[in-house]
file upload_20.csv (CSV, C-alpha atoms and all ligand atoms)
chain,number,residue,atom,x,y,z
A,1,MET,CA,-18.1,-4.7,6.0
A,2,ARG,CA,-16.8,-7.2,8.6
A,3,PRO,CA,-13.6,-5.8,10.1
A,4,ASP,CA,-11.6,-9.0,9.5
A,5,HIS,CA,-12.2,-8.5,5.7
A,6,ARG,CA,-10.2,-5.3,5.9
A,7,LEU,CA,-7.3,-7.0,7.7
A,8,THR,CA,-4.3,-8.3,5.8
A,9,LEU,CA,-0.7,-9.2,6.4
A,10,ASP,CA,0.1,-9.0,2.7
A,11,ALA,CA,2.7,-6.4,2.7
A,12,SER,CA,2.7,-5.8,-1.0
A,13,THR,CA,-1.0,-5.0,-1.3
A,14,ALA,CA,-1.9,-3.5,2.1
A,15,ASP,CA,-3.0,0.2,1.9
A,16,PHE,CA,-2.1,1.2,5.4
A,17,ALA,CA,-0.6,-0.1,8.6
A,18,VAL,CA,-2.1,0.4,12.1
A,19,ASP,CA,-0.5,0.6,15.5
A,20,VAL,CA,-3.3,-1.4,17.1
A,21,ALA,CA,-2.3,-1.1,20.8
A,22,ASN,CA,-1.8,2.7,20.3
A,23,ILE,CA,-5.3,3.0,18.8
A,24,VAL,CA,-7.1,0.6,21.1
A,25,ARG,CA,-5.7,2.4,24.2
A,26,ASN,CA,-6.4,5.9,22.9
A,27,THR,CA,-9.2,7.2,25.1
A,28,ALA,CA,-9.5,10.3,22.9
A,29,LEU,CA,-11.2,8.1,20.3
A,30,GLY,CA,-14.3,7.6,22.5
A,31,GLY,CA,-15.4,5.0,25.0
A,32,SER,CA,-14.9,4.8,28.7
A,33,ARG,CA,-12.5,1.9,29.2
A,34,GLY,CA,-8.7,2.3,29.0
A,35,ALA,CA,-8.7,-0.2,26.1
A,36,GLU,CA,-11.5,-0.8,23.7
A,37,LEU,CA,-11.4,-2.8,20.5
A,38,ARG,CA,-14.2,-0.6,19.1
A,39,ARG,CA,-11.7,2.2,18.5
A,40,LEU,CA,-9.8,0.0,16.0
A,41,LEU,CA,-13.0,-0.7,14.2
A,42,HIS,CA,-13.7,3.1,14.0
A,43,VAL,CA,-10.2,3.6,12.6
A,44,LEU,CA,-10.8,0.9,9.9
A,45,ASP,CA,-14.0,2.7,8.9
A,46,ALA,CA,-12.1,6.0,8.9
A,47,LEU,CA,-9.4,4.5,6.6
A,48,ALA,CA,-12.1,3.2,4.2
A,49,ALA,CA,-13.5,6.7,4.0
A,50,PHE,CA,-10.1,8.4,3.7
A,51,HIS,CA,-9.1,6.0,0.9
A,52,ARG,CA,-12.6,6.0,-0.7
A,53,ASP,CA,-12.4,2.2,-0.7
A,54,ASP,CA,-14.8,0.2,1.4
A,55,ALA,CA,-12.6,-2.8,1.2
A,56,VAL,CA,-9.5,-0.9,2.3
A,57,GLN,CA,-6.7,-3.4,3.3
A,58,VAL,CA,-5.0,-2.7,6.6
A,59,TYR,CA,-1.9,-4.3,8.0
A,60,CYS,CA,-2.4,-4.5,11.8
A,61,VAL,CA,0.5,-4.8,14.2
A,62,THR,CA,0.2,-4.9,18.0
A,63,ASP,CA,2.3,-5.1,21.1
A,64,ARG,CA,1.9,-8.4,22.7
A,65,SER,CA,0.8,-6.7,26.0
A,66,LEU,CA,-2.5,-5.8,24.4
A,67,MET,CA,-3.5,-9.5,24.0
A,68,THR,CA,-3.8,-9.8,27.8
A,69,ASP,CA,-4.8,-6.3,28.6
A,70,GLU,CA,-7.4,-6.6,31.4
A,71,ARG,CA,-9.2,-3.5,30.3
A,72,LEU,CA,-10.4,-5.3,27.2
A,73,THR,CA,-13.4,-7.6,27.6
A,74,ALA,CA,-12.8,-11.4,27.3
A,75,ALA,CA,-14.6,-11.3,24.0
A,76,GLU,CA,-12.4,-8.5,22.7
A,77,ARG,CA,-9.2,-10.5,23.7
A,78,GLU,CA,-10.6,-13.5,22.0
A,79,THR,CA,-11.2,-11.6,18.8
A,80,LEU,CA,-7.6,-10.4,18.8
A,81,GLY,CA,-6.4,-13.9,19.5
A,82,SER,CA,-8.3,-15.3,16.6
A,83,TRP,CA,-7.0,-12.6,14.2
A,84,SER,CA,-3.5,-13.5,15.3
A,85,SER,CA,-3.9,-17.2,14.8
A,86,ASP,CA,-5.6,-16.6,11.4
A,87,GLY,CA,-2.6,-14.6,10.2
A,88,LEU,CA,-4.5,-11.3,10.2
A,89,LEU,CA,-2.7,-9.6,13.0
A,90,GLU,CA,1.0,-9.4,13.7
A,91,VAL,CA,1.8,-9.7,17.4
A,92,LEU,CA,5.2,-8.6,18.6
A,93,PRO,CA,6.9,-8.0,21.9
A,94,VAL,CA,7.2,-4.4,21.0
A,95,ALA,CA,5.6,-3.0,17.8
A,96,ASP,CA,7.4,0.3,17.5
A,97,ASP,CA,10.4,-0.6,15.4
A,98,ARG,CA,8.3,-2.8,13.3
A,99,LEU,CA,5.9,0.0,12.4
A,100,VAL,CA,8.9,2.2,11.4
A,101,GLU,CA,10.1,-0.7,9.3
A,102,LEU,CA,6.7,-1.1,7.6
A,103,ALA,CA,6.7,2.6,6.8
A,104,SER,CA,10.2,2.4,5.4
A,105,ALA,CA,10.5,-1.0,3.8
A,106,ALA,CA,6.9,-1.6,2.7
A,107,ARG,CA,6.1,2.1,2.3
A,108,LEU,CA,2.9,1.7,4.2
A,109,ARG,CA,1.3,4.7,5.8
A,110,VAL,CA,1.0,4.0,9.5
A,111,VAL,CA,-1.8,5.2,11.8
A,112,THR,CA,-0.4,6.0,15.2
A,113,ASP,CA,0.1,8.8,17.7
A,114,ASP,CA,3.5,7.6,18.6
A,115,ASN,CA,6.4,9.9,17.7
A,116,PHE,CA,9.1,7.1,17.6
A,117,LEU,CA,11.7,9.5,19.0
A,118,ASP,CA,13.9,6.6,19.9
A,119,TYR,CA,14.2,5.7,16.3
A,120,TYR,CA,15.3,9.0,14.9
A,121,ARG,CA,19.0,8.1,14.9
A,122,GLU,CA,18.5,4.8,13.1
A,123,HIS,CA,15.9,6.3,10.7
A,124,PRO,CA,17.1,9.8,9.8
A,125,TRP,CA,14.1,10.2,7.5
A,126,LEU,CA,11.7,10.2,10.5
A,127,PRO,CA,12.0,13.7,11.9
A,128,GLY,CA,9.8,16.1,9.9
A,129,ASP,CA,8.4,13.3,7.8
A,130,ARG,CA,5.0,14.1,6.5
A,131,GLN,CA,4.3,11.2,4.2
A,132,HIS,CA,4.3,8.0,6.2
A,133,PHE,CA,2.1,8.7,9.2
A,134,LEU,CA,-1.5,9.3,9.9
A,135,ARG,CA,-3.3,10.2,13.1
A,136,ALA,CA,-6.8,9.1,14.2
A,137,VAL,CA,-8.9,11.9,15.7
A,138,ALA,CA,-12.4,12.1,16.9
A,139,GLY,CA,-14.6,14.9,15.7
A,140,PRO,CA,-17.0,16.9,17.8
A,141,ASP,CA,-19.8,14.4,17.1
A,142,GLY,CA,-17.5,11.5,18.1
A,143,THR,CA,-16.9,10.3,14.5
A,144,VAL,CA,-13.3,9.1,14.0
A,145,HIS,CA,-11.3,10.4,11.1
A,146,VAL,CA,-7.7,9.9,10.0
A,147,ARG,CA,-5.5,12.8,9.0
A,148,PRO,CA,-1.9,13.0,7.7
A,149,ARG,CA,0.5,14.1,10.4
A,150,ILE,CA,4.0,15.5,10.5
A,151,MET,CA,6.5,13.9,12.7
A,152,PRO,CA,8.1,16.2,15.2
A,153,GLU,CA,11.5,17.6,14.4
A,154,PRO,CA,13.4,18.3,17.6
A,155,GLU,CA,15.9,21.2,17.1
A,156,ASP,CA,18.9,19.6,18.6
A,157,TRP,CA,18.3,16.6,16.5
A,158,GLN,CA,18.6,18.6,13.3
A,159,ILE,CA,22.3,19.1,13.6
A,160,SER,CA,23.2,15.6,14.4
A,161,ARG,CA,20.9,14.3,11.8
A,162,LYS,CA,22.7,16.3,9.1
A,163,GLU,CA,26.0,14.9,10.3
A,164,GLU,CA,24.7,11.4,10.3
A,165,GLU,CA,23.1,11.7,6.9
A,166,SER,CA,26.4,13.0,5.4
A,167,ALA,CA,28.3,10.1,7.0
A,168,LEU,CA,25.9,7.6,5.7
A,169,LEU,CA,25.7,9.1,2.3
A,170,ALA,CA,29.4,9.1,2.1
A,171,ALA,CA,29.4,5.4,3.0
A,172,GLY,CA,26.7,4.8,0.3
A,173,LEU,CA,24.4,3.4,3.0
A,174,TYR,CA,21.7,5.9,3.1
A,175,ASP,CA,19.0,6.4,0.6
A,176,ARG,CA,17.6,9.8,1.3
A,177,ARG,CA,14.2,8.9,-0.1
A,178,LEU,CA,13.7,5.8,1.9
A,179,GLY,CA,15.9,5.8,4.8
A,180,GLY,CA,17.1,2.4,3.6
A,181,ALA,CA,15.3,0.7,0.8
A,182,ARG,CA,14.4,-2.9,1.5
A,183,GLN,CA,11.7,-3.6,-0.9
A,184,ASP,CA,13.8,-6.5,-2.2
A,185,LEU,CA,12.6,-8.5,0.8
A,186,LEU,CA,9.1,-8.4,-0.6
A,187,LEU,CA,10.2,-10.0,-3.9
A,188,ARG,CA,11.3,-13.3,-2.3
A,189,HIS,CA,9.3,-16.2,-0.8
A,190,TRP,CA,10.2,-16.7,2.9
A,191,LEU,CA,9.5,-19.6,5.1
A,192,CYS,CA,9.7,-19.6,8.9
A,193,PRO,CA,11.1,-22.8,10.6
A,194,GLU,CA,8.8,-22.5,13.6
A,195,PRO,CA,5.8,-24.9,13.2
A,196,GLY,CA,2.5,-23.2,12.7
A,197,CYS,CA,3.9,-19.8,12.1
A,198,PRO,CA,0.9,-17.6,11.1
A,199,LEU,CA,3.0,-15.2,9.1
A,200,PHE,CA,5.6,-17.3,7.2
A,201,GLY,CA,4.2,-20.8,7.5
A,202,PRO,CA,4.1,-23.2,4.5
A,203,SER,CA,0.3,-23.1,4.4
A,204,ARG,CA,0.0,-19.4,3.9
A,205,GLY,CA,-1.3,-18.6,0.4
A,206,GLY,CA,-1.4,-15.4,-1.6
A,207,GLY,CA,0.7,-12.5,-0.5
A,208,GLN,CA,3.1,-12.5,2.4
A,209,PRO,CA,3.9,-10.1,5.3
A,210,CYS,CA,7.0,-7.9,5.3
A,211,PRO,CA,9.9,-9.8,6.8
A,212,THR,CA,12.1,-8.0,9.3
A,213,ARG,CA,15.9,-7.5,9.0
A,214,ARG,CA,18.0,-7.6,12.1
A,215,GLY,CA,21.8,-7.8,12.1
A,216,GLY,CA,22.0,-8.5,8.4
A,217,THR,CA,19.6,-11.5,8.7
A,218,VAL,CA,16.1,-11.7,7.4
A,219,ARG,CA,13.9,-12.8,10.3
A,220,CYS,CA,10.4,-13.7,11.2
A,221,PRO,CA,8.9,-10.7,13.0
A,222,THR,CA,7.0,-13.0,15.4
A,223,HIS,CA,9.6,-15.6,16.2
A,224,GLY,CA,12.8,-13.7,15.6
A,225,VAL,CA,14.4,-16.7,13.8
A,226,ALA,CA,16.1,-16.6,10.4
A,227,LEU,CA,13.7,-17.1,7.5
A,228,LYS,CA,14.5,-19.5,4.7
A,229,ASP,CA,14.5,-17.9,1.3
A,230,THR,CA,12.5,-20.3,-1.0
A,231,GLY,CA,12.9,-18.4,-4.2
A,232,ALA,CA,11.8,-15.4,-6.1
A,233,ARG,CA,8.2,-14.2,-6.3
A,234,PRO,CA,7.3,-13.2,-9.8
A,235,HIS,CA,6.8,-9.5,-10.2
A,236,GLN,CA,3.2,-8.6,-10.0
A,237,VAL,CA,1.2,-5.4,-9.8
A,238,GLN,CA,-2.3,-4.9,-8.6
A,239,LEU,CA,-4.5,-2.4,-10.4
A,240,LYS,CA,-7.7,-0.8,-9.1
A,241,VAL,CA,-10.7,0.2,-11.1
A,242,ARG,CA,-11.9,3.6,-9.9
A,243,SER,CA,-15.3,4.5,-11.3
A,244,GLU,CA,-17.2,7.6,-10.4
A,245,GLY,CA,-14.7,8.3,-7.6
A,246,GLU,CA,-14.9,4.9,-5.8
A,247,VAL,CA,-12.8,1.8,-6.1
A,248,ARG,CA,-15.0,-0.8,-7.6
A,249,HIS,CA,-12.7,-3.6,-8.5
A,250,ARG,CA,-9.1,-4.8,-8.3
A,251,PHE,CA,-7.2,-7.2,-10.4
A,252,LEU,CA,-3.7,-8.6,-10.6
A,253,LEU,CA,-1.2,-8.5,-13.4
A,254,VAL,CA,1.6,-11.0,-13.2
A,255,GLU,CA,5.0,-10.9,-14.9
A,256,GLY,CA,4.8,-12.1,-18.5
A,257,GLN,CA,1.0,-11.7,-18.6
A,258,THR,CA,-1.0,-9.7,-21.2
A,259,LEU,CA,-4.4,-8.5,-20.2
A,260,THR,CA,-7.1,-7.0,-22.3
A,261,VAL,CA,-9.3,-4.5,-20.4
A,262,GLY,CA,-12.5,-3.1,-21.7
A,263,ARG,CA,-16.3,-2.9,-21.4
A,264,ALA,CA,-16.7,-6.6,-22.4
A,265,PRO,CA,-13.6,-8.0,-24.0
A,266,THR,CA,-14.0,-10.3,-26.9
A,267,VAL,CA,-10.4,-11.2,-27.5
A,268,ALA,CA,-8.9,-14.6,-26.7
A,269,GLY,CA,-6.7,-14.7,-23.6
A,270,ASP,CA,-6.8,-13.0,-20.2
A,271,ALA,CA,-9.3,-10.2,-20.0
A,272,VAL,CA,-10.8,-7.8,-17.4
A,273,PRO,CA,-14.5,-6.9,-18.2
A,274,LEU,CA,-15.4,-3.6,-16.7
A,275,ALA,CA,-19.1,-3.2,-17.6
A,276,ALA,CA,-20.3,-4.1,-14.1
A,277,HIS,CA,-18.2,-1.4,-12.5
A,278,LEU,CA,-19.0,1.5,-14.9
A,279,GLY,CA,-21.5,4.3,-14.9
A,280,GLU,CA,-23.8,5.0,-17.8
A,281,ALA,CA,-21.6,7.6,-19.5
A,282,ALA,CA,-18.5,5.4,-19.3
A,283,LEU,CA,-20.5,2.4,-20.6
A,284,GLN,CA,-21.3,4.4,-23.7
A,285,TRP,CA,-17.7,5.6,-24.1
A,286,ILE,CA,-15.5,2.7,-23.3
A,287,SER,CA,-14.8,0.1,-26.0
A,288,ARG,CA,-15.5,-3.6,-25.6
A,289,ASN,CA,-11.7,-4.1,-26.0
A,290,HIS,CA,-10.3,-0.8,-24.8
A,291,LEU,CA,-6.6,-1.3,-23.9
A,292,VAL,CA,-4.0,-4.0,-23.4
A,293,LEU,CA,-1.8,-4.2,-20.3
A,294,GLU,CA,1.5,-6.1,-20.2
A,295,LEU,CA,3.9,-6.6,-17.4
A,296,ALA,CA,7.4,-7.5,-18.6
A,297,GLY,CA,9.9,-7.6,-15.7
A,298,ARG,CA,9.2,-4.3,-14.0
A,299,SER,CA,7.9,-2.6,-17.0
A,300,LEU,CA,4.1,-2.1,-17.2
A,301,THR,CA,3.0,-1.0,-20.6
A,302,VAL,CA,-0.4,0.2,-21.9
A,303,ARG,CA,-1.6,-0.1,-25.5
A,304,ASP,CA,-4.7,1.7,-26.7
A,305,ILE,CA,-7.0,-0.4,-28.9
A,306,SER,CA,-10.1,1.7,-28.3
A,307,ALA,CA,-12.4,3.8,-30.5
A,308,ASN,CA,-12.5,6.8,-28.2
A,309,GLY,CA,-8.9,6.7,-27.0
A,310,THR,CA,-7.0,6.3,-23.7
A,311,ARG,CA,-5.2,8.9,-21.7
A,312,ILE,CA,-2.4,8.7,-19.2
A,313,ARG,CA,-2.8,11.0,-16.3
A,314,GLY,CA,0.4,12.3,-14.6
A,315,PRO,CA,1.0,12.9,-11.0
A,316,ARG,CA,-0.2,16.5,-11.3
A,317,GLY,CA,-3.3,15.7,-13.1
A,318,GLU,CA,-2.1,16.5,-16.6
A,319,ASP,CA,-3.4,14.1,-19.3
A,320,VAL,CA,-1.5,12.8,-22.3
A,321,ARG,CA,-3.5,10.9,-25.0
A,322,LEU,CA,-2.0,7.7,-26.3
A,323,PRO,CA,-1.8,7.6,-30.0
A,324,PRO,CA,-4.2,4.9,-31.5
A,325,GLN,CA,-2.4,1.6,-31.1
A,326,GLY,CA,0.3,3.5,-29.3
A,327,THR,CA,2.1,1.8,-26.5
A,328,ARG,CA,3.6,3.5,-23.5
A,329,ARG,CA,5.3,2.5,-20.3
A,330,LEU,CA,3.4,3.5,-17.2
A,331,ARG,CA,5.5,5.3,-14.5
A,332,ARG,CA,5.1,5.9,-10.9
A,333,GLY,CA,2.3,8.3,-10.1
A,334,GLU,CA,0.5,7.8,-13.3
A,335,SER,CA,-2.9,6.4,-13.9
A,336,ILE,CA,-4.8,5.3,-17.0
A,337,VAL,CA,-7.9,7.2,-18.0
A,338,LEU,CA,-10.5,5.3,-20.0
A,339,HIS,CA,-13.2,7.9,-19.5
A,340,ASP,CA,-13.6,11.0,-17.3
A,341,THR,CA,-15.2,8.8,-14.7
A,342,ALA,CA,-13.2,5.6,-15.1
A,343,PHE,CA,-9.6,5.1,-14.2
A,344,LEU,CA,-7.1,2.3,-13.7
A,345,GLU,CA,-4.7,3.0,-10.9
A,346,LEU,CA,-1.7,1.2,-9.6
A,347,SER,CA,-2.0,-0.3,-6.2
A,348,GLY,CA,-0.1,0.6,-3.1
A,349,ARG,CA,3.5,1.5,-2.8
A,350,ASN,CA,4.5,0.6,-6.4
A,351,PHE,CA,7.8,-0.7,-5.2
A,352,PHE,CA,7.9,-2.9,-8.2
A,353,PHE,CA,9.1,0.1,-10.2
A,354,ASP,CA,12.5,0.0,-8.6
A,355,ASP,CA,14.8,-2.8,-7.7
A,356,ASN,CA,16.1,-1.0,-4.6
A,357,GLY,CA,14.2,2.3,-4.6
A,358,VAL,CA,17.3,4.2,-5.5
A,359,ARG,CA,17.5,4.0,-9.2
A,360,ALA,CA,15.0,6.0,-11.2
A,361,PRO,CA,13.1,3.9,-13.7
A,362,GLN,CA,14.5,3.8,-17.2
A,363,GLU,CA,12.6,5.2,-20.1
A,364,GLY,CA,10.8,2.6,-22.0
A,365,PRO,CA,11.4,2.4,-25.8
A,366,GLU,CA,8.2,4.1,-26.4
A,367,GLY,CA,8.5,6.2,-23.3
A,368,GLY,CA,6.7,9.4,-23.3
A,369,ARG,CA,8.2,12.7,-22.3
A,370,PRO,CA,11.0,12.4,-19.7
A,371,THR,CA,9.6,15.6,-18.2
A,372,ALA,CA,7.4,16.2,-15.2
A,373,ALA,CA,6.7,12.5,-14.5
A,374,ALA,CA,10.3,11.5,-14.8
A,375,ARG,CA,11.4,14.2,-12.5
A,376,GLU,CA,8.6,13.3,-10.1
A,377,THR,CA,9.9,9.8,-10.0
A,378,ALA,CA,13.1,10.8,-8.5
A,379,HIS,CA,11.6,13.3,-6.2
A,380,PRO,CA,11.3,12.4,-2.5
A,381,THR,CA,7.7,13.6,-2.2
A,382,MET,CA,6.5,10.9,-4.6
A,383,LEU,CA,7.5,8.2,-2.2
A,384,ALA,CA,4.3,8.0,-0.4
A,385,PRO,CA,1.8,10.3,-2.0
A,386,GLY,CA,-1.3,11.0,-0.1
A,387,PRO,CA,-4.5,9.2,-1.2
A,388,GLU,CA,-6.4,12.4,-0.5
A,389,ARG,CA,-4.6,14.2,-3.4
A,390,GLY,CA,-6.7,15.0,-6.3
A,391,ARG,CA,-9.7,13.3,-4.9
A,392,GLY,CA,-12.1,16.1,-5.4
A,393,ALA,CA,-11.4,16.4,-9.1
A,394,GLY,CA,-13.4,13.6,-10.6
A,395,GLY,CA,-11.8,10.8,-8.6
A,396,THR,CA,-8.3,11.3,-9.9
A,397,PRO,CA,-6.0,8.8,-8.6
A,398,GLY,CA,-4.0,8.5,-5.5
A,399,ARG,CA,-1.5,5.9,-6.2
A,400,ARG,CA,-2.0,4.4,-2.8
A,401,ALA,CA,-4.3,1.5,-3.1
A,402,GLY,CA,-4.0,-2.1,-2.6
A,403,GLY,CA,-5.8,-5.2,-1.7
A,404,GLY,CA,-5.2,-8.8,-1.7
A,405,GLN,CA,-3.5,-11.0,-4.2
A,406,ASN,CA,-6.1,-13.5,-3.2
A,407,GLN,CA,-8.6,-12.7,-5.8
A,408,ARG,CA,-11.0,-15.5,-4.9
A,409,SER,CA,-11.4,-14.4,-1.3
A,410,ARG,CA,-12.0,-11.0,-2.6
A,411,GLY,CA,-14.8,-12.1,-4.7
A,412,LYS,CA,-16.4,-13.9,-1.8
A,413,ARG,CA,-16.3,-10.7,0.2
A,414,GLY,CA,-18.9,-9.3,-2.1
A,415,ARG,CA,-16.9,-6.4,-3.3
A,416,ARG,CA,-18.9,-4.0,-5.5
A,501,ZN,ZN,7.6,-17.3,12.4
call {"tool": "encode", "arguments": {"input": "upload_20.csv", "output": "structure tokens"}}
result
Amino acid sequence: MRPDHRLTLDASTADFAVDVANIVRNTALGGSRGAELRRLLHVLDALAAFHRDDAVQVYCVTDRSLMTDERLTAAERETLGSWSSDGLLEVLPVADDRLVELASAARLRVVTDDNFLDYYREHPWLPGDRQHFLRAVAGPDGTVHVRPRIMPEPEDWQISRKEEESALLAAGLYDRRLGGARQDLLLRHWLCPEPGCPLFGPSRGGGQPCPTRRGGTVRCPTHGVALKDTGARPHQVQLKVRSEGEVRHRFLLVEGQTLTVGRAPTVAGDAVPLAAHLGEAALQWISRNHLVLELAGRSLTVRDISANGTRIRGPRGEDVRLPPQGTRRLRRGESIVLHDTAFLELSGRNFFFDDNGVRAPQEGPEGGRPTAAARETAHPTMLAPGPERGRGAGGTPGRRAGGGQNQRSRGKRGRR
């Protein structure tokens, strides 16, 4: 796959973020020059493998200094320049605080070697964090892999962090789970007053990047100027079809929409046919009209209309079968099982579940058991679950997924 097809600045559907300068200058990833673009391409491949999604969507951020780094070839610098002007690469004077912000506000996992020690005071969730960061490493044969990493936790920091947390908690300013939830930024349309802004210009379609917040003002990360709020974005959620362990398809569900999903839906209205993405056994098992999805506000409900049934798989891999015609609200960390080899998974950070990331989702009227799943919802470890979890067992879902809201361009890319 062409590398630019994996680049996105759509904060709500990206799967990962990458600290581009940090990767491109990491000589441990192979190559002889002090800066090589090839290292980034290896990391994109590694993320596709890690996520089991060839079309993994990656939010790339770089220090401006990389754009003129003489250790890159002229062609490499030109590639970076075109990505920047095409709105596929965010270029900043310094990328560090931005990457921390993407991890915190957009809940993206960030690939970097940086320890961000300067940001520990401002972001008390950083030290010891094991959910938001990945490291790229080269194996003995030179192949690049990504692995979860744990942020260092300096001893002397521990004490002051506790103090600070208590003070912030007392002031109601600190969300222990997020280090400050700002997902609300992603639910508005923003416009940058700078002409030709590649991130928040008027011509940008589809999803949008994550704005930055400085001194109480929402700003363009590139230009630093205040962004204009041009209205609410409808809630929407992206779902992925994982068949036989691999992501084969993605589709979008918009607030107020009802979608019939099945092998080959025959009902009137919006539908998602799955036949082209299914294996033989699943084709035999899954009904033409198998289930109905509906997004009302932030509530995503599933209704089973199939012959063989639909199950909901919880975060720990436990299945609950929906009663025939039964409706259930889907919660964070859950996926929908149509067959042992065919799942619907929620994309990405799932921030749409919470207004501000603090409140636990309410039980729906038909809500299932307020048990493990509900507890999970409020548990910090559910914030940024690893995509590697449960992979081995029949392609059970990670909740981390994503992809573009631009369905047309996706089609063009020849996704499986
Ligand atoms: Zn701008």
call {"tool": "residues_around", "arguments": {"input": "upload_20.csv", "residues": "Asp114 (chain A)", "least_positions_apart": "2", "cutoff": "9 Å", "atoms": "all atoms listed in the file", "output": "compact mmCIF listing (two decimals) with C-alpha atoms, keeping the file's coordinate frame"}}
result
# COMPACT_ATOMS: atom_id res chain seq x y z
CA ASP A 19 -0.50 0.60 15.50
CA ASN A 22 -1.80 2.70 20.30
CA ASP A 96 7.40 0.30 17.50
CA VAL A 111 -1.80 5.20 11.80
CA THR A 112 -0.40 6.00 15.20
CA PHE A 116 9.10 7.10 17.60
CA LEU A 117 11.70 9.50 19.00
call {"tool": "residues_around", "arguments": {"input": "upload_20.csv", "residues": "region 300-304 of chain A", "least_positions_apart": "4", "cutoff": "10 Å", "atoms": "all atoms listed in the file", "output": "mmCIF file with C-alpha atoms, in the coordinates of the input"}}
result
data_model
loop_
_atom_site.group_PDB
_atom_site.id
_atom_site.type_symbol
_atom_site.label_atom_id
_atom_site.label_comp_id
_atom_site.auth_asym_id
_atom_site.auth_seq_id
_atom_site.Cartn_x
_atom_site.Cartn_y
_atom_site.Cartn_z
ATOM 1 C CA GLN A 236 3.200 -8.600 -10.000
ATOM 2 C CA VAL A 237 1.200 -5.400 -9.800
ATOM 3 C CA LEU A 253 -1.200 -8.500 -13.400
ATOM 4 C CA GLU A 255 5.000 -10.900 -14.900
ATOM 5 C CA THR A 258 -1.000 -9.700 -21.200
ATOM 6 C CA LEU A 259 -4.400 -8.500 -20.200
ATOM 7 C CA THR A 260 -7.100 -7.000 -22.300
ATOM 8 C CA VAL A 261 -9.300 -4.500 -20.400
ATOM 9 C CA ASN A 289 -11.700 -4.100 -26.000
ATOM 10 C CA HIS A 290 -10.300 -0.800 -24.800
ATOM 11 C CA LEU A 291 -6.600 -1.300 -23.900
ATOM 12 C CA VAL A 292 -4.000 -4.000 -23.400
ATOM 13 C CA LEU A 293 -1.800 -4.200 -20.300
ATOM 14 C CA GLU A 294 1.500 -6.100 -20.200
ATOM 15 C CA LEU A 295 3.900 -6.600 -17.400
ATOM 16 C CA ALA A 296 7.400 -7.500 -18.600
ATOM 17 C CA ASN A 308 -12.500 6.800 -28.200
ATOM 18 C CA GLY A 309 -8.900 6.700 -27.000
ATOM 19 C CA THR A 310 -7.000 6.300 -23.700
ATOM 20 C CA ARG A 311 -5.200 8.900 -21.700
ATOM 21 C CA ILE A 312 -2.400 8.700 -19.200
ATOM 22 C CA ARG A 321 -3.500 10.900 -25.000
ATOM 23 C CA LEU A 322 -2.000 7.700 -26.300
ATOM 24 C CA PRO A 323 -1.800 7.600 -30.000
ATOM 25 C CA PRO A 324 -4.200 4.900 -31.500
ATOM 26 C CA GLN A 325 -2.400 1.600 -31.100
ATOM 27 C CA GLY A 326 0.300 3.500 -29.300
ATOM 28 C CA THR A 327 2.100 1.800 -26.500
ATOM 29 C CA ARG A 328 3.600 3.500 -23.500
ATOM 30 C CA ARG A 329 5.300 2.500 -20.300
ATOM 31 C CA LEU A 330 3.400 3.500 -17.200
ATOM 32 C CA ARG A 331 5.500 5.300 -14.500
ATOM 33 C CA ILE A 336 -4.800 5.300 -17.000
ATOM 34 C CA LEU A 338 -10.500 5.300 -20.000
ATOM 35 C CA PHE A 352 7.900 -2.900 -8.200
ATOM 36 C CA PHE A 353 9.100 0.100 -10.200
ATOM 37 C CA GLY A 364 10.800 2.600 -22.000
ATOM 38 C CA GLU A 366 8.200 4.100 -26.400
ATOM 39 C CA GLY A 367 8.500 6.200 -23.300
#
call {"tool": "closest_residue", "arguments": {"input": "upload_20.csv", "among": "A:Ile286, A:Val218, A:Val20, A:Ala35", "to": "ligand ZN 501 (chain A)", "atoms": "only C-alpha atoms and all ligand atoms"}}
result
A:Val218
call {"tool": "atom_distance", "arguments": {"input": "upload_20.csv", "atom1": "CA of Gly207 (chain A)", "atom2": "CA of Ser12 (chain A)"}}
result
7.0 Å
call {"tool": "closest_atom_pairs", "arguments": {"input": "upload_20.csv", "of": "chain A", "to": "ligand ZN 501 (chain A)", "cutoff": "12 Å", "atoms": "only C-alpha atoms and all ligand atoms", "output": "CSV"}}
result
residue,atom,partner,partner_atom,distance
A:Ser85,CA,A:ZN501,ZN,11.7
A:Gly87,CA,A:ZN501,ZN,10.8
A:Glu90,CA,A:ZN501,ZN,10.4
A:Val91,CA,A:ZN501,ZN,10.8
A:Leu92,CA,A:ZN501,ZN,10.9
A:Trp190,CA,A:ZN501,ZN,9.9
A:Leu191,CA,A:ZN501,ZN,7.9
A:Cys192,CA,A:ZN501,ZN,4.7
A:Pro193,CA,A:ZN501,ZN,6.8
A:Glu194,CA,A:ZN501,ZN,5.5
A:Pro195,CA,A:ZN501,ZN,7.9
A:Gly196,CA,A:ZN501,ZN,7.8
A:Cys197,CA,A:ZN501,ZN,4.5
A:Pro198,CA,A:ZN501,ZN,6.8
A:Leu199,CA,A:ZN501,ZN,6.0
A:Phe200,CA,A:ZN501,ZN,5.6
A:Gly201,CA,A:ZN501,ZN,6.9
A:Pro202,CA,A:ZN501,ZN,10.5
A:Arg204,CA,A:ZN501,ZN,11.6
A:Gln208,CA,A:ZN501,ZN,12.0
A:Pro209,CA,A:ZN501,ZN,10.8
A:Cys210,CA,A:ZN501,ZN,11.8
A:Pro211,CA,A:ZN501,ZN,9.6
A:Thr212,CA,A:ZN501,ZN,10.8
A:Val218,CA,A:ZN501,ZN,11.3
A:Arg219,CA,A:ZN501,ZN,8.0
A:Cys220,CA,A:ZN501,ZN,4.7
A:Pro221,CA,A:ZN501,ZN,6.8
A:Thr222,CA,A:ZN501,ZN,5.3
A:His223,CA,A:ZN501,ZN,4.6
A:Gly224,CA,A:ZN501,ZN,7.1
A:Val225,CA,A:ZN501,ZN,7.0
A:Ala226,CA,A:ZN501,ZN,8.8
A:Leu227,CA,A:ZN501,ZN,7.8
A:Lys228,CA,A:ZN501,ZN,10.6
